[in-house]
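Engineer: Dropping a structure here in structure tokens format, bear with me for questions.
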Amino acid sequence: MSIKPQTVQAATLYLVATPIGNLADISQRALDVLQQVDAIAAEDTRNTRKLLNFYSIDNQLFSLHEHNEDLKAAAIIERLQNQQSIALVSDAGTPLISDPGYKLVALCRQQGLDVVPVPGPSALITALSASGLATDKFCFCGFPPRQSGKRRDFFQTWSKIRATLIFYESSHRIVECMQDAIDVFGAERNACLARELTKMFETFLTGSLQTVFQQLCEDSDQTRGEFVLMVEAAVEEPTEQAGDIDIDKMLSLLCEALPIKKAAAITAQITGLKKNSLYQRALELKTD
């Protein structure tokens, strides 16, 4: 069965997902749309021009990024109302996911203009699918704040969520980000750090946050590129009592003589509760 080429419609905004690394990861439908629309709005025209040149697409290109979206959105709405078709692309992946475009799409919906997604690559889904962490429930948290204090507060707001957490991070802050993640989530919380997805040096580091951090620090090459950090879901917190045992008292006493990790392990053996949740509770008791 042959597939008919995509035919673009007038007065329509197309949200076109583009490759996150490997240029072969683009659909024929996406190429058809980029070829036929009246113009393409790109987060960075230089990056998008490389993609268009690779596929021999010569189309009008203009910028739409976080600093000019308010100004450009109104102009794009006017072009759509004049029956033009526009494609919106980000530097990589699916538009609007930690990228510009929300204001434009919201305006299109308010004006009754058609918005058509052309699905494709997304770094968060690509990373999660190969992470080894639970995929039935997950939360995409975007980029953490740049300052350590704010970053820790940010992590704290997600620390009790019972779903896999997904963060984006850059090479400039990945080491500090991992340190803060260990301090907030606990060294024993399982994680996966995906780097340079779909590119030549794609890497997945897995294990506890502490193990992943050690792997990161042992090889300077692992600190280069763009990252997706995934942290396992929080487990149900232990109740204060398990039978006749005062959990908090036991943890506090053990932590006076033992490392937190060991204290949590012993308490888990005695009570049957999960070691990770006991480790988290011990950290809380230490800071109280």
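Just remember, in the structure tokens the first chain shown is A, the second B, etc., residues are 1-based per chain, and ligands are 1-based in the order shown.
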Excluding Gln111 (chain A) and its own-chain neighbours fewer than 3 positions away, which residues fall within 9 Å of it when counting only C-alpha atoms? Please give them as number ranges by chain.
Structural biologist: A: 77, 81, 106-108
Engineer: What's the 8 Å shell around Asp38 (chain A), counting only C-alpha atoms, without same-chain residues fewer than 4 positions away, as a PyMOL selection string?
Structural biologist: chain A and resi 59-60+84-86
Engineer: With only C-alpha atoms as the counted atoms, please give the residues lying no more than 9 Å from region 183-193 of chain A, apart from itself and same-chain residues fewer than 2 positions off, as a ChimeraX atom specification.
Structural biologist: /A:127-128,131-133,152-153,155-156,159-160,178-181,195,203-212,227-234,261,276,279-280,283
Engineer: Restricting the calculation to only C-alpha atoms: of A:Arg79, A:Lys275, A:Lys150, A:Lys72, which residue gets closest to Ala263 (chain A)?
Structural biologist: A:Lys275
Engineer: Enumerate the residues of region 33-185 of chain A with a DSSP assignment of strand (DSSP E or B), computed from the backbone, and present them as a ChimeraX atom specification.
Structural biologist: /A:39-42,61-63,85-89,93,114-118,138-142,164-170
Engineer: So that I have them on file, write out the residues from the current selection with N, CA and C atoms, as a short mmCIF file (atom, residue, chain, number, x, y, z; two decimals), in the first residue's frame.
Structural biologist:
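The resulting file, out_39.cif, is reproduced below:
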```
data_model
loop_
_atom_site.label_atom_id
_atom_site.label_comp_id
_atom_site.auth_asym_id
_atom_site.auth_seq_id
_atom_site.Cartn_x
_atom_site.Cartn_y
_atom_site.Cartn_z
N ALA A 39 5.95 29.18 4.97
CA ALA A 39 7.13 29.62 5.71
C ALA A 39 7.31 28.73 6.94
N ILE A 40 8.54 28.77 7.48
CA ILE A 40 8.87 27.97 8.65
C ILE A 40 9.37 28.90 9.75
N ALA A 41 8.75 28.80 10.94
CA ALA A 41 9.20 29.53 12.11
C ALA A 41 10.12 28.61 12.92
N ALA A 42 11.36 29.05 13.15
CA ALA A 42 12.35 28.20 13.79
C ALA A 42 12.93 28.87 15.03
N LEU A 61 12.42 31.02 5.89
CA LEU A 61 12.71 30.68 7.27
C LEU A 61 12.81 31.96 8.09
N PHE A 62 12.16 32.00 9.25
CA PHE A 62 12.30 33.15 10.13
C PHE A 62 12.34 32.65 11.58
N SER A 63 12.83 33.48 12.48
CA SER A 63 13.04 33.05 13.85
C SER A 63 11.82 33.28 14.72
N SER A 85 0.06 29.00 5.28
CA SER A 85 0.36 27.87 6.16
C SER A 85 1.76 28.07 6.72
N ILE A 86 1.91 27.82 8.01
CA ILE A 86 3.19 28.03 8.70
C ILE A 86 3.56 26.76 9.46
N ALA A 87 4.84 26.39 9.41
CA ALA A 87 5.35 25.29 10.23
C ALA A 87 6.18 25.87 11.36
N LEU A 88 6.00 25.33 12.55
CA LEU A 88 6.80 25.73 13.71
C LEU A 88 7.71 24.56 14.08
N VAL A 89 9.02 24.84 14.18
CA VAL A 89 9.97 23.81 14.61
C VAL A 89 10.85 24.38 15.71
N GLY A 93 13.63 18.01 18.38
CA GLY A 93 12.51 17.38 19.08
C GLY A 93 11.18 18.03 18.77
N ASP A 114 -6.59 26.50 12.81
CA ASP A 114 -6.21 25.09 12.93
C ASP A 114 -4.75 24.95 13.36
N VAL A 115 -4.52 24.05 14.29
CA VAL A 115 -3.17 23.69 14.72
C VAL A 115 -3.03 22.17 14.54
N VAL A 116 -2.05 21.76 13.74
CA VAL A 116 -1.90 20.35 13.40
C VAL A 116 -0.53 19.86 13.87
N PRO A 117 -0.48 18.90 14.80
CA PRO A 117 0.82 18.34 15.20
C PRO A 117 1.31 17.31 14.20
N VAL A 118 2.58 17.36 13.90
CA VAL A 118 3.24 16.35 13.07
C VAL A 118 4.24 15.64 13.98
N PHE A 138 4.93 8.98 34.81
CA PHE A 138 6.12 9.82 34.81
C PHE A 138 5.72 11.29 34.77
N CYS A 139 6.62 12.14 35.27
CA CYS A 139 6.41 13.59 35.28
C CYS A 139 7.58 14.24 34.57
N PHE A 140 7.29 15.06 33.58
CA PHE A 140 8.34 15.83 32.92
C PHE A 140 8.46 17.15 33.64
N CYS A 141 9.64 17.41 34.21
CA CYS A 141 9.85 18.57 35.08
C CYS A 141 10.64 19.69 34.40
N GLY A 142 11.11 19.48 33.16
CA GLY A 142 11.84 20.52 32.45
C GLY A 142 13.24 20.74 33.01
N THR A 164 8.10 8.37 37.88
CA THR A 164 9.44 8.63 37.39
C THR A 164 9.56 10.11 37.02
N LEU A 165 10.62 10.75 37.51
CA LEU A 165 10.84 12.17 37.26
C LEU A 165 11.83 12.35 36.12
N ILE A 166 11.55 13.29 35.22
CA ILE A 166 12.40 13.52 34.05
C ILE A 166 12.82 14.98 34.01
N PHE A 167 14.13 15.22 34.00
CA PHE A 167 14.69 16.57 33.96
C PHE A 167 15.61 16.70 32.75
N TYR A 168 15.67 17.89 32.19
CA TYR A 168 16.68 18.22 31.18
C TYR A 168 17.81 18.98 31.88
N GLU A 169 19.03 18.83 31.39
CA GLU A 169 20.14 19.61 31.92
C GLU A 169 21.22 19.76 30.87
N SER A 170 22.02 20.83 31.01
CA SER A 170 23.10 21.11 30.07
C SER A 170 24.43 20.66 30.64
#
```
Engineer: Distance CA of Thr223 (chain A)-CA of Ser171 (chain A), one decimal place?
Structural biologist: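 Separation between CA of Thr223 (chain A) and CA of Ser171 (chain A): 5.7 Å.
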Engineer: Using only C-alpha atoms, find the one residue out of A:Pro121, A:Pro144, A:Gly225, A:Gly112 that sits nearest to Ala30 (chain A).
Structural biologist: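 Closest candidate: A:Pro121.
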Engineer: Report, in Å with one decimal, the straight-line distance from CA of His67 (chain A) to CA of Gly101 (chain A).
Structural biologist: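 Going from CA of His67 (chain A) over to CA of Gly101 (chain A) covers 11.4 Å.
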Engineer: Record the distance separating CA of Ala134 (chain A) and CA of Trp158 (chain A), expressed in Å with one decimal.
Structural biologist: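 Between these atoms lies a distance of 16.1 Å.
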Engineer: Select from region 78-231 of chain A everything DSSP, run on the backbone, classes as alpha helix (DSSP H), then give the selection as a count of residues only.
Structural biologist: 53
Engineer: For region 46-55 of chain A, list every protein, DNA or RNA residue within 9 Å, evaluated using only C-alpha atoms, and leave out those in the same chain fewer than 3 positions away; present the list as a VMD selection string.
Structural biologist: chain A and resid 18 to 19 23 31 34 to 35 42 to 43 58 to 59 61 89 to 92
Engineer: Taking 2 positions as the minimum chain separation for residues in the same chain, which residues sit within 10 Å of Arg146 (chain A) when counting only C-alpha atoms? Answer as an MDAnalysis selection string.
Structural biologist: chainID A and resid 143:144 148:151 169 172:173 176:177
Engineer: Store the residues picked out above, limited to C-alpha atoms, as a CSV table (one decimal), in the first residue's frame.
Structural biologist:
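The result, written out as selection36.csv:
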```csv
chain,number,residue,atom,x,y,z
A,143,PHE,CA,15.1,22.3,33.3
A,144,PRO,CA,16.0,22.8,37.0
A,148,SER,CA,22.0,25.6,43.6
A,149,GLY,CA,19.6,26.8,46.3
A,150,LYS,CA,16.7,27.2,44.0
A,151,ARG,CA,17.5,23.9,42.3
A,169,GLU,CA,20.1,19.6,31.9
A,172,HIS,CA,27.5,23.5,32.1
A,173,ARG,CA,25.5,22.4,35.2
A,176,GLU,CA,26.3,20.4,40.3
A,177,CYS,CA,22.8,19.3,39.3
```
Engineer: Closest to Val235 (chain A) among A:Leu278, A:Leu258, A:Val105, A:Ala194, using only C-alpha atoms?
Structural biologist: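 The closest residue to Val235 (chain A) is A:Leu278.
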